[in-house]
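**Q** What follows is target18.cif; its format and atoms are mmCIF, C-alpha atoms and all ligand atoms.
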data_structure
loop_
_atom_site.label_atom_id
_atom_site.label_comp_id
_atom_site.auth_asym_id
_atom_site.auth_seq_id
_atom_site.Cartn_x
_atom_site.Cartn_y
_atom_site.Cartn_z
CA MET G 1 -25.49 -8.01 -27.44
CA ALA G 2 -29.01 -8.31 -26.00
CA GLN G 3 -30.93 -11.33 -27.21
CA LYS G 4 -34.69 -10.89 -27.36
CA ASN G 5 -36.29 -12.25 -24.16
CA GLN G 6 -32.93 -13.17 -22.67
CA THR G 7 -33.30 -13.85 -18.94
CA LEU G 8 -31.03 -12.45 -16.23
CA GLY G 9 -29.73 -15.94 -15.58
CA GLU G 10 -28.78 -16.40 -19.25
CA PHE G 11 -27.16 -12.95 -19.31
CA ILE G 12 -25.03 -13.73 -16.25
CA ILE G 13 -23.82 -17.00 -17.76
CA GLU G 14 -23.15 -15.39 -21.15
CA ASN G 15 -21.08 -12.61 -19.55
CA GLN G 16 -19.32 -14.76 -16.96
CA SER G 17 -16.03 -14.43 -18.84
CA GLU G 18 -16.04 -10.64 -18.16
CA PHE G 19 -15.62 -11.17 -14.41
CA LYS G 20 -11.85 -11.36 -14.19
CA TYR G 21 -10.46 -13.16 -11.10
CA SER G 22 -13.87 -14.70 -10.48
CA SER G 23 -14.42 -18.39 -10.85
CA GLY G 24 -18.17 -17.97 -10.74
CA GLU G 25 -18.62 -16.44 -7.26
CA LEU G 26 -19.54 -12.99 -8.61
CA SER G 27 -22.16 -14.61 -10.85
CA ARG G 28 -23.51 -16.52 -7.88
CA LEU G 29 -23.50 -13.28 -5.87
CA ILE G 30 -25.61 -11.50 -8.50
CA ASN G 31 -27.90 -14.52 -8.55
CA SER G 32 -28.36 -14.36 -4.79
CA ILE G 33 -29.29 -10.68 -5.06
CA ARG G 34 -31.77 -11.63 -7.77
CA LEU G 35 -33.41 -14.12 -5.41
CA ALA G 36 -33.51 -11.74 -2.44
CA ALA G 37 -35.03 -9.06 -4.68
CA LYS G 38 -37.89 -11.40 -5.57
CA VAL G 39 -38.53 -12.17 -1.90
CA VAL G 40 -38.55 -8.47 -0.94
CA ASN G 41 -40.63 -7.54 -3.99
CA HIS G 42 -43.31 -9.98 -2.88
CA GLU G 43 -43.56 -8.29 0.52
CA VAL G 44 -43.33 -4.73 -0.84
CA ASN G 45 -46.17 -5.46 -3.25
CA LYS G 46 -48.50 -6.64 -0.51
CA ALA G 47 -47.42 -4.06 2.08
CA GLY G 48 -50.82 -2.40 1.94
CA LEU G 49 -52.63 -5.65 2.58
CA VAL G 50 -51.12 -6.89 5.78
CA ASP G 51 -50.11 -5.34 8.99
CA ILE G 52 -46.52 -4.91 7.78
CA LEU G 53 -46.74 -1.13 7.59
CA GLY G 54 -45.80 1.18 10.32
CA ALA G 55 -42.60 1.47 12.26
CA ALA G 56 -41.17 -1.68 13.76
CA GLY G 57 -40.90 0.35 16.92
CA GLU G 58 -37.15 0.50 16.75
CA THR G 59 -34.75 3.05 15.31
CA ASN G 60 -31.75 2.23 13.11
CA VAL G 61 -28.20 3.52 13.46
CA GLN G 62 -29.31 6.63 11.59
CA GLY G 63 -31.82 7.41 14.33
CA GLU G 64 -34.65 6.84 11.81
CA SER G 65 -37.68 4.84 12.88
CA GLN G 66 -37.49 1.45 11.15
CA GLN G 67 -40.43 0.47 9.03
CA LYS G 68 -41.15 -3.22 9.29
CA LEU G 69 -40.27 -3.63 5.59
CA ASP G 70 -36.85 -2.11 6.28
CA VAL G 71 -36.23 -4.86 8.80
CA TYR G 72 -37.66 -7.53 6.52
CA ALA G 73 -35.60 -6.44 3.50
CA ASN G 74 -32.43 -6.22 5.57
CA GLU G 75 -32.91 -9.74 6.89
CA ALA G 76 -33.80 -11.13 3.44
CA PHE G 77 -30.64 -9.82 1.78
CA ILE G 78 -28.37 -10.78 4.67
CA LYS G 79 -29.82 -14.30 4.85
CA THR G 80 -29.59 -14.88 1.09
CA LEU G 81 -26.02 -13.58 0.87
CA THR G 82 -24.97 -15.58 3.93
CA ASN G 83 -26.52 -18.84 2.74
CA ARG G 84 -24.69 -18.70 -0.57
CA GLU G 85 -21.27 -18.62 1.14
CA ILE G 86 -19.87 -16.11 -1.35
CA VAL G 87 -19.22 -13.09 0.81
CA CYS G 88 -16.98 -12.71 3.85
CA GLY G 89 -18.75 -9.61 5.16
CA ILE G 90 -21.85 -7.44 4.80
CA ALA G 91 -22.48 -3.81 5.80
CA SER G 92 -26.00 -2.43 5.81
CA GLU G 93 -27.69 0.89 6.49
CA GLU G 94 -29.80 -1.05 9.01
CA GLU G 95 -26.82 -2.51 10.92
CA ASP G 96 -24.65 -0.47 13.31
CA HIS G 97 -21.54 -2.56 12.47
CA PHE G 98 -20.49 -4.81 9.60
CA ILE G 99 -21.34 -8.51 9.78
CA THR G 100 -18.58 -11.14 9.48
CA ILE G 101 -19.55 -14.20 7.46
CA LYS G 102 -17.64 -17.49 7.65
CA GLY G 103 -17.38 -19.68 4.58
CA ARG G 104 -17.62 -23.41 4.28
CA ASN G 105 -15.78 -25.22 7.14
CA GLN G 106 -16.12 -22.06 9.25
CA ASN G 107 -13.13 -20.38 7.60
CA HIS G 108 -12.84 -16.85 6.20
CA ASP G 109 -11.92 -17.53 2.60
CA ASN G 110 -14.85 -15.96 0.73
CA LYS G 111 -13.69 -13.22 -1.68
CA TYR G 112 -16.30 -10.46 -1.60
CA VAL G 113 -17.83 -7.86 0.71
CA VAL G 114 -21.29 -6.42 0.02
CA LEU G 115 -22.71 -3.12 1.24
CA ILE G 116 -26.45 -2.55 1.01
CA ASP G 117 -29.19 -0.05 1.58
CA PRO G 118 -31.89 -2.73 1.84
CA LEU G 119 -34.88 -0.47 1.38
CA ASP G 120 -34.05 3.07 0.30
CA GLY G 121 -36.88 5.58 0.43
CA SER G 122 -38.77 3.44 2.92
CA SER G 123 -40.64 6.46 4.28
CA ASN G 124 -42.59 6.24 0.99
CA ILE G 125 -43.88 2.74 1.69
CA ASP G 126 -47.02 3.90 3.49
CA VAL G 127 -48.00 6.13 0.56
CA ASN G 128 -47.39 3.53 -2.13
CA VAL G 129 -44.48 5.31 -3.80
CA SER G 130 -41.61 3.35 -5.38
CA VAL G 131 -38.77 2.28 -3.12
CA GLY G 132 -35.51 0.51 -3.88
CA THR G 133 -32.58 -1.60 -2.77
CA ILE G 134 -29.02 -0.44 -3.52
CA PHE G 135 -25.98 -2.74 -3.44
CA SER G 136 -22.22 -2.38 -3.80
CA VAL G 137 -19.65 -5.18 -4.14
CA TYR G 138 -15.88 -5.18 -3.53
CA ARG G 139 -13.19 -7.84 -3.45
CA ARG G 140 -11.80 -8.03 0.09
CA ILE G 141 -8.31 -6.50 0.46
CA THR G 142 -7.24 -8.14 3.74
CA PRO G 143 -5.72 -11.64 3.56
CA SER G 144 -8.10 -14.49 2.74
CA GLY G 145 -8.53 -16.83 5.68
CA THR G 146 -8.56 -13.96 8.21
CA PRO G 147 -11.77 -12.35 9.52
CA VAL G 148 -12.97 -9.44 7.37
CA THR G 149 -12.05 -6.01 8.78
CA LEU G 150 -13.40 -2.46 8.47
CA GLU G 151 -10.62 -1.81 5.94
CA ASP G 152 -12.36 -4.17 3.49
CA PHE G 153 -15.45 -1.92 3.58
CA LEU G 154 -13.71 1.47 3.58
CA GLN G 155 -12.50 1.20 -0.01
CA PRO G 156 -12.94 4.06 -2.52
CA GLY G 157 -15.86 3.55 -4.90
CA ARG G 158 -13.53 3.14 -7.88
CA ASN G 159 -12.61 -0.30 -6.45
CA GLN G 160 -16.17 -1.65 -6.77
CA VAL G 161 -16.44 -4.83 -8.86
CA ALA G 162 -20.24 -4.55 -9.14
CA ALA G 163 -23.02 -2.13 -8.18
CA GLY G 164 -26.73 -2.02 -8.77
CA TYR G 165 -30.20 -1.28 -7.57
CA ILE G 166 -33.61 -2.90 -7.52
CA ILE G 167 -36.56 -0.57 -8.05
CA TYR G 168 -39.89 -1.80 -6.66
CA GLY G 169 -42.08 0.41 -8.83
CA THR G 170 -44.86 0.00 -11.38
CA SER G 171 -42.67 -2.91 -12.39
CA THR G 172 -39.76 -4.41 -10.48
CA MET G 173 -36.37 -4.04 -12.12
CA ILE G 174 -32.77 -4.94 -11.38
CA VAL G 175 -30.27 -2.49 -12.90
CA TYR G 176 -26.59 -3.31 -12.38
CA THR G 177 -23.06 -3.07 -13.71
CA THR G 178 -19.92 -5.16 -13.30
CA GLY G 179 -17.83 -2.50 -15.00
CA HIS G 180 -18.90 -3.39 -18.54
CA GLY G 181 -21.87 -1.05 -19.05
CA VAL G 182 -25.28 -0.97 -17.37
CA ASN G 183 -28.12 -3.40 -18.04
CA GLY G 184 -31.70 -3.46 -16.76
CA PHE G 185 -33.87 -6.52 -16.19
CA THR G 186 -37.63 -6.41 -15.60
CA LEU G 187 -39.38 -9.01 -13.47
CA ASN G 188 -42.29 -10.91 -14.96
CA PRO G 189 -44.11 -11.58 -11.67
CA ALA G 190 -46.24 -14.32 -13.22
CA LEU G 191 -43.12 -16.35 -13.99
CA GLY G 192 -40.74 -14.98 -11.36
CA THR G 193 -38.23 -14.38 -14.16
CA TYR G 194 -36.25 -11.23 -14.95
CA TYR G 195 -35.99 -10.37 -18.67
CA HIS G 196 -33.29 -8.23 -20.30
CA SER G 197 -35.57 -5.26 -20.99
CA HIS G 198 -32.99 -2.41 -20.96
CA PRO G 199 -29.70 -3.39 -22.64
CA ASN G 200 -26.68 -1.03 -22.44
CA MET G 201 -28.45 1.80 -20.54
CA LYS G 202 -27.00 5.28 -21.17
CA PHE G 203 -27.43 8.60 -19.37
CA PRO G 204 -28.30 11.28 -22.00
CA GLN G 205 -25.50 13.86 -21.91
CA ASP G 206 -28.08 16.59 -21.37
CA GLY G 207 -31.49 16.72 -19.75
CA THR G 208 -34.19 19.07 -18.58
CA ILE G 209 -35.13 17.47 -15.24
CA TYR G 210 -33.65 18.56 -11.95
CA SER G 211 -34.38 16.59 -8.78
CA VAL G 212 -33.81 18.34 -5.45
CA ASN G 213 -35.84 18.90 -2.29
CA GLU G 214 -36.49 22.61 -2.76
CA GLY G 215 -38.05 22.73 0.69
CA ASN G 216 -34.47 22.94 1.95
CA TYR G 217 -33.59 25.77 -0.47
CA VAL G 218 -32.82 28.38 2.20
CA HIS G 219 -30.28 26.00 3.76
CA PHE G 220 -28.44 25.17 0.52
CA PRO G 221 -24.90 26.39 -0.24
CA GLN G 222 -24.94 29.50 -2.45
CA GLY G 223 -23.64 27.58 -5.49
CA VAL G 224 -26.57 25.16 -5.33
CA LYS G 225 -29.01 28.07 -5.00
CA ASP G 226 -27.40 29.68 -8.06
CA TYR G 227 -27.72 26.45 -10.06
CA ILE G 228 -31.41 26.03 -9.13
CA LYS G 229 -32.08 29.61 -10.20
CA PHE G 230 -30.28 28.83 -13.49
CA CYS G 231 -32.62 25.84 -13.99
CA GLN G 232 -35.64 28.08 -13.40
CA GLU G 233 -34.62 30.92 -15.77
CA GLU G 234 -36.53 31.42 -19.02
CA GLU G 235 -33.85 30.81 -21.66
CA GLY G 236 -33.18 28.10 -24.21
CA ASP G 237 -34.64 24.82 -22.97
CA ARG G 238 -35.22 26.30 -19.53
CA PRO G 239 -37.06 26.51 -17.22
CA TYR G 240 -36.36 22.84 -16.66
CA THR G 241 -38.87 20.50 -15.07
CA SER G 242 -38.57 19.81 -11.34
CA ARG G 243 -39.22 16.17 -10.47
CA TYR G 244 -38.48 14.86 -6.96
CA ILE G 245 -39.97 11.60 -5.69
CA GLY G 246 -38.06 11.43 -2.41
CA SER G 247 -36.71 8.03 -3.38
CA LEU G 248 -33.15 8.14 -4.75
CA VAL G 249 -33.50 4.96 -6.81
CA SER G 250 -36.67 6.23 -8.51
CA ASP G 251 -35.33 9.73 -9.21
CA PHE G 252 -32.03 8.29 -10.49
CA HIS G 253 -33.76 5.70 -12.69
CA ARG G 254 -36.06 8.25 -14.34
CA ASN G 255 -33.17 10.68 -14.87
CA MET G 256 -31.00 7.96 -16.43
CA ILE G 257 -33.73 7.17 -18.94
CA LYS G 258 -34.88 10.74 -19.69
CA GLY G 259 -31.82 12.82 -18.81
CA GLY G 260 -31.58 14.84 -15.63
CA ILE G 261 -29.69 15.67 -12.46
CA TYR G 262 -30.23 14.64 -8.84
CA ILE G 263 -28.86 16.87 -6.08
CA TYR G 264 -28.74 16.27 -2.35
CA PRO G 265 -26.39 18.98 -1.06
CA ASN G 266 -25.12 19.65 2.42
CA THR G 267 -27.44 21.80 4.53
CA ALA G 268 -27.41 23.25 8.03
CA LYS G 269 -29.34 20.16 9.24
CA ASN G 270 -27.07 17.76 7.32
CA PRO G 271 -23.65 19.51 7.13
CA ASP G 272 -22.19 16.51 5.21
CA GLY G 273 -25.33 15.94 3.18
CA LYS G 274 -27.85 13.18 3.91
CA LEU G 275 -26.90 10.33 1.58
CA ARG G 276 -24.46 7.61 2.62
CA LEU G 277 -21.21 7.33 0.67
CA LEU G 278 -20.68 3.58 0.90
CA TYR G 279 -24.08 2.05 0.15
CA GLU G 280 -25.94 4.83 -1.67
CA CYS G 281 -23.59 7.27 -3.43
CA ASN G 282 -20.76 4.92 -4.49
CA PRO G 283 -22.98 2.28 -6.16
CA MET G 284 -25.14 4.92 -7.86
CA ALA G 285 -22.00 6.76 -8.96
CA MET G 286 -20.54 3.59 -10.52
CA ILE G 287 -23.77 2.99 -12.42
CA ALA G 288 -23.90 6.64 -13.50
CA GLU G 289 -20.34 6.63 -14.83
CA GLN G 290 -20.77 3.25 -16.53
CA ALA G 291 -23.81 4.77 -18.29
CA GLY G 292 -21.85 7.87 -19.39
CA GLY G 293 -23.09 10.12 -16.59
CA MET G 294 -21.21 11.76 -13.70
CA ALA G 295 -21.34 11.83 -9.91
CA SER G 296 -19.57 14.25 -7.55
CA ASP G 297 -19.96 16.04 -4.26
CA GLY G 298 -19.71 19.30 -6.19
CA PHE G 299 -15.93 19.32 -5.97
CA ARG G 300 -14.66 15.71 -6.00
CA ARG G 301 -15.53 12.63 -8.06
CA ILE G 302 -17.60 10.44 -5.72
CA LEU G 303 -15.68 7.29 -6.71
CA ASP G 304 -12.36 8.86 -5.64
CA ILE G 305 -13.46 9.83 -2.12
CA GLU G 306 -11.46 7.86 0.46
CA PRO G 307 -14.02 6.63 3.05
CA THR G 308 -13.31 7.11 6.77
CA GLU G 309 -16.48 5.73 8.38
CA LEU G 310 -19.02 3.03 7.52
CA HIS G 311 -22.07 5.32 7.62
CA GLN G 312 -20.46 8.55 6.52
CA ARG G 313 -22.53 11.03 4.51
CA VAL G 314 -21.50 13.11 1.49
CA PRO G 315 -23.19 15.78 -0.64
CA PHE G 316 -24.33 14.07 -3.88
CA ILE G 317 -24.77 15.46 -7.40
CA CYS G 318 -25.41 12.83 -10.04
CA GLY G 319 -26.80 12.51 -13.55
CA SER G 320 -26.32 13.77 -17.12
CA SER G 321 -22.69 14.79 -17.53
CA ASN G 322 -23.31 18.27 -18.98
CA MET G 323 -25.78 19.07 -16.18
CA VAL G 324 -23.42 17.87 -13.45
CA ARG G 325 -20.55 19.91 -14.94
CA LYS G 326 -22.81 23.00 -14.98
CA ALA G 327 -23.84 22.51 -11.35
CA GLU G 328 -20.19 21.96 -10.31
CA LYS G 329 -19.25 25.23 -12.05
CA PHE G 330 -21.84 27.16 -10.00
CA MET G 331 -20.67 25.46 -6.80
CA GLN G 332 -16.97 26.03 -7.47
CA ASN G 333 -17.46 29.67 -8.45
CA ALA G 334 -19.79 30.62 -5.57
P1 LIG O 1 -35.57 14.19 1.87
C1 LIG O 1 -34.62 8.40 1.32
O1 LIG O 1 -34.66 8.56 2.73
C2 LIG O 1 -33.36 9.09 0.82
O2 LIG O 1 -32.24 8.50 1.39
C3 LIG O 1 -33.30 9.07 -0.70
O3 LIG O 1 -33.85 7.90 -1.22
C4 LIG O 1 -34.12 10.28 -1.08
O4 LIG O 1 -33.73 10.82 -2.34
C5 LIG O 1 -33.81 11.27 0.06
O5 LIG O 1 -33.43 10.48 1.18
C6 LIG O 1 -35.03 12.08 0.43
O6 LIG O 1 -34.64 12.94 1.48
O7 LIG O 1 -34.79 14.89 2.96
O8 LIG O 1 -35.70 15.05 0.61
O9 LIG O 1 -36.89 13.61 2.32
#
Now that the file is in, can you turn its structure into structure tokens?

**A**
Amino acid sequence: MAQKNQTLGEFIIENQSEFKYSSGELSRLINSIRLAAKVVNHEVNKAGLVDILGAAGETNVQGESQQKLDVYANEAFIKTLTNREIVCGIASEEEDHFITIKGRNQNHDNKYVVLIDPLDGSSNIDVNVSVGTIFSVYRRITPSGTPVTLEDFLQPGRNQVAAGYIIYGTSTMIVYTTGHGVNGFTLNPALGTYYHSHPNMKFPQDGTIYSVNEGNYVHFPQGVKDYIKFCQEEEGDRPYTSRYIGSLVSDFHRNMIKGGIYIYPNTAKNPDGKLRLLYECNPMAMIAEQAGGMASDGFRRILDIEPTELHQRVPFICGSSNMVRKAEKFMQNA
């Protein structure tokens, strides 16, 4: 039950008992993410003031030019997670391969692996549009004491023990789940404290917002085209409203509060879709389902997809359950 003005720290302590198997590491892991989020938020908020904009001159494993803030955020989360000696491995959109982390006494006995998109939507930084961090947490499955392996990262999303995002928007929020519902915490920048502003967040079953990059319309599968046309027809509560920020975390967050659907389908340019299964779709899918929403690739539940590669892409449909079911119907009947 949310207590008025409860802080994130108090919430973590109060709900510690819900983290089965964990003797406090998962709480410390969430705390380390909280700290890293504050550090990144500080830089994101002053991006326009210092020469931190513009590409860092390098490209990441995705072939995308890296904004300096991408690099900064990646390093901030990796450093914070490493220093806390809680995780045995980290995978990041900004790193070609996963990073092995030794625990105290240089052994490999930490329990968790973390996968992150350190700054999603970073192409929006230069135009002052909200961006976000997305994180996903699993218990390792290979024997403790041995170096973490790719197998520990290639787990289906249903195995996640925690997932969440930070949205650096008009206010900075952490929204996360450990499998017991979804809670949102808003940062009071004056105090550097997150307050429990959005207890027990729920996706409305229905909505009237659809979020898709219609500039790619001609390349969409027929079923997606049919669903978009359905959204645009004059009937009942349609035409719906089209809202697309180009930042997954922002579009998802708005749709979870107001009701809506986000679609990034496969196209000719991106035959498997654009979004990454492990550190974008799986964490957002866990949050969606914990909030009563749904997430699929149009045919399969995202959380049941068996990963094969660290940076693999999947088509992604996520949001209000009745809207996702409707879109799936168009895609499966096309
Ligand atoms: P497009 C940002 O690069 C991102 O991964 C998501 O945050 C966002 O929803 C999508 O890609 C935007 O992609 O092709 O529409 O610009």

**Q** Can I get the residues close to ligand LIG 1 (chain O) as a ChimeraX atom specification, where close means within 10 Å and we count all atoms listed in the file?

**A** /G:64,117,119-124,130-134,211-216,244-252,262-264,269-270,273-276,280-281

**Q** Could you turn the residues from that selection into a file that holds C-alpha atoms, as a PDB file, keeping the file's coordinate frame?

**A**
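selection_19.pdb written:
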ATOM      1  CA  GLU G  64     -34.650   6.840  11.810  1.00  0.00           C
ATOM      2  CA  ASP G 117     -29.190  -0.050   1.580  1.00  0.00           C
ATOM      3  CA  LEU G 119     -34.880  -0.470   1.380  1.00  0.00           C
ATOM      4  CA  ASP G 120     -34.050   3.070   0.300  1.00  0.00           C
ATOM      5  CA  GLY G 121     -36.880   5.580   0.430  1.00  0.00           C
ATOM      6  CA  SER G 122     -38.770   3.440   2.920  1.00  0.00           C
ATOM      7  CA  SER G 123     -40.640   6.460   4.280  1.00  0.00           C
ATOM      8  CA  ASN G 124     -42.590   6.240   0.990  1.00  0.00           C
ATOM      9  CA  SER G 130     -41.610   3.350  -5.380  1.00  0.00           C
ATOM     10  CA  VAL G 131     -38.770   2.280  -3.120  1.00  0.00           C
ATOM     11  CA  GLY G 132     -35.510   0.510  -3.880  1.00  0.00           C
ATOM     12  CA  THR G 133     -32.580  -1.600  -2.770  1.00  0.00           C
ATOM     13  CA  ILE G 134     -29.020  -0.440  -3.520  1.00  0.00           C
ATOM     14  CA  SER G 211     -34.380  16.590  -8.780  1.00  0.00           C
ATOM     15  CA  VAL G 212     -33.810  18.340  -5.450  1.00  0.00           C
ATOM     16  CA  ASN G 213     -35.840  18.900  -2.290  1.00  0.00           C
ATOM     17  CA  GLU G 214     -36.490  22.610  -2.760  1.00  0.00           C
ATOM     18  CA  GLY G 215     -38.050  22.730   0.690  1.00  0.00           C
ATOM     19  CA  ASN G 216     -34.470  22.940   1.950  1.00  0.00           C
ATOM     20  CA  TYR G 244     -38.480  14.860  -6.960  1.00  0.00           C
ATOM     21  CA  ILE G 245     -39.970  11.600  -5.690  1.00  0.00           C
ATOM     22  CA  GLY G 246     -38.060  11.430  -2.410  1.00  0.00           C
ATOM     23  CA  SER G 247     -36.710   8.030  -3.380  1.00  0.00           C
ATOM     24  CA  LEU G 248     -33.150   8.140  -4.750  1.00  0.00           C
ATOM     25  CA  VAL G 249     -33.500   4.960  -6.810  1.00  0.00           C
ATOM     26  CA  SER G 250     -36.670   6.230  -8.510  1.00  0.00           C
ATOM     27  CA  ASP G 251     -35.330   9.730  -9.210  1.00  0.00           C
ATOM     28  CA  PHE G 252     -32.030   8.290 -10.490  1.00  0.00           C
ATOM     29  CA  TYR G 262     -30.230  14.640  -8.840  1.00  0.00           C
ATOM     30  CA  ILE G 263     -28.860  16.870  -6.080  1.00  0.00           C
ATOM     31  CA  TYR G 264     -28.740  16.270  -2.350  1.00  0.00           C
ATOM     32  CA  LYS G 269     -29.340  20.160   9.240  1.00  0.00           C
ATOM     33  CA  ASN G 270     -27.070  17.760   7.320  1.00  0.00           C
ATOM     34  CA  GLY G 273     -25.330  15.940   3.180  1.00  0.00           C
ATOM     35  CA  LYS G 274     -27.850  13.180   3.910  1.00  0.00           C
ATOM     36  CA  LEU G 275     -26.900  10.330   1.580  1.00  0.00           C
ATOM     37  CA  ARG G 276     -24.460   7.610   2.620  1.00  0.00           C
ATOM     38  CA  GLU G 280     -25.940   4.830  -1.670  1.00  0.00           C
ATOM     39  CA  CYS G 281     -23.590   7.270  -3.430  1.00  0.00           C
TER      40      CYS G 281
END

**Q** Kindly compute an axis-aligned box around the listed atoms of region 261-271 of chain G, allowing 4 Å on each side, and express its centre and edge lengths in Å to one decimal as JSON.

**A**
{"center_x": -26.9, "center_y": 18.9, "center_z": -1.6, "size_x": 14.6, "size_y": 16.6, "size_z": 29.7}

**Q** What is the CA of Gly181 (chain G)-CA of Gly207 (chain G) distance in Å, reported with one decimal?

**A**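 Atom-to-atom, CA of Gly181 (chain G) and CA of Gly207 (chain G) are spaced 20.2 Å apart.
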
**Q** How many Å separate CA of Arg300 (chain G) from CA of Val324 (chain G)?

**A** 11.7 Å

**Q** Could you state the separation of CA of Ile99 (chain G) and CA of Ser32 (chain G) in Å, given to one decimal place?

**A**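 According to the coordinates, CA of Ile99 (chain G) and CA of Ser32 (chain G) are separated by 17.2 Å.
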
**Q** Would you list the contacts of region 332-334 of chain G as a list of chain:residue names, taking every protein, DNA or RNA residue within 8 Å and counting only C-alpha atoms, but skipping same-chain residues closer than 3 positions in sequence?

**A**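 Everything that qualifies: G:Gln222, G:Gly223, G:Gly298, G:Phe299, G:Glu328, G:Lys329.
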
**Q** Please provide the set of residues having any atom within 10 Å of region 143-158 of chain G, restricted to all atoms listed in the file, with same-chain residues fewer than 3 positions apart removed, written as an MDAnalysis selection string.

**A** chainID G and resid 87:91 97:103 106:115 136:140 161 163 277:279 281:286 301:310

**Q** From the set G:Lys68, G:Arg104, G:Arg84, G:His311, which residue has the shortest atom-to-atom contact distance to Ile125 (chain G), counting all atoms listed in the file?

**A**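 Checking each of G:Lys68, G:Arg104, G:Arg84, G:His311 against Ile125 (chain G), counting all atoms listed in the file, the winner is G:Lys68.
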
**Q** Considering all atoms listed in the file, state which residue in the set G:Ala268, G:Lys229, G:Phe330, G:Met256 is at the smallest distance from Cys318 (chain G).

**A**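 Looking only at the distances to Cys318 (chain G), the closest residue turns out to be G:Met256.
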
**Q** Closest to Arg254 (chain G) among G:Tyr194, G:Tyr176, G:Tyr210, G:Tyr227, using only C-alpha atoms?

**A** G:Tyr210
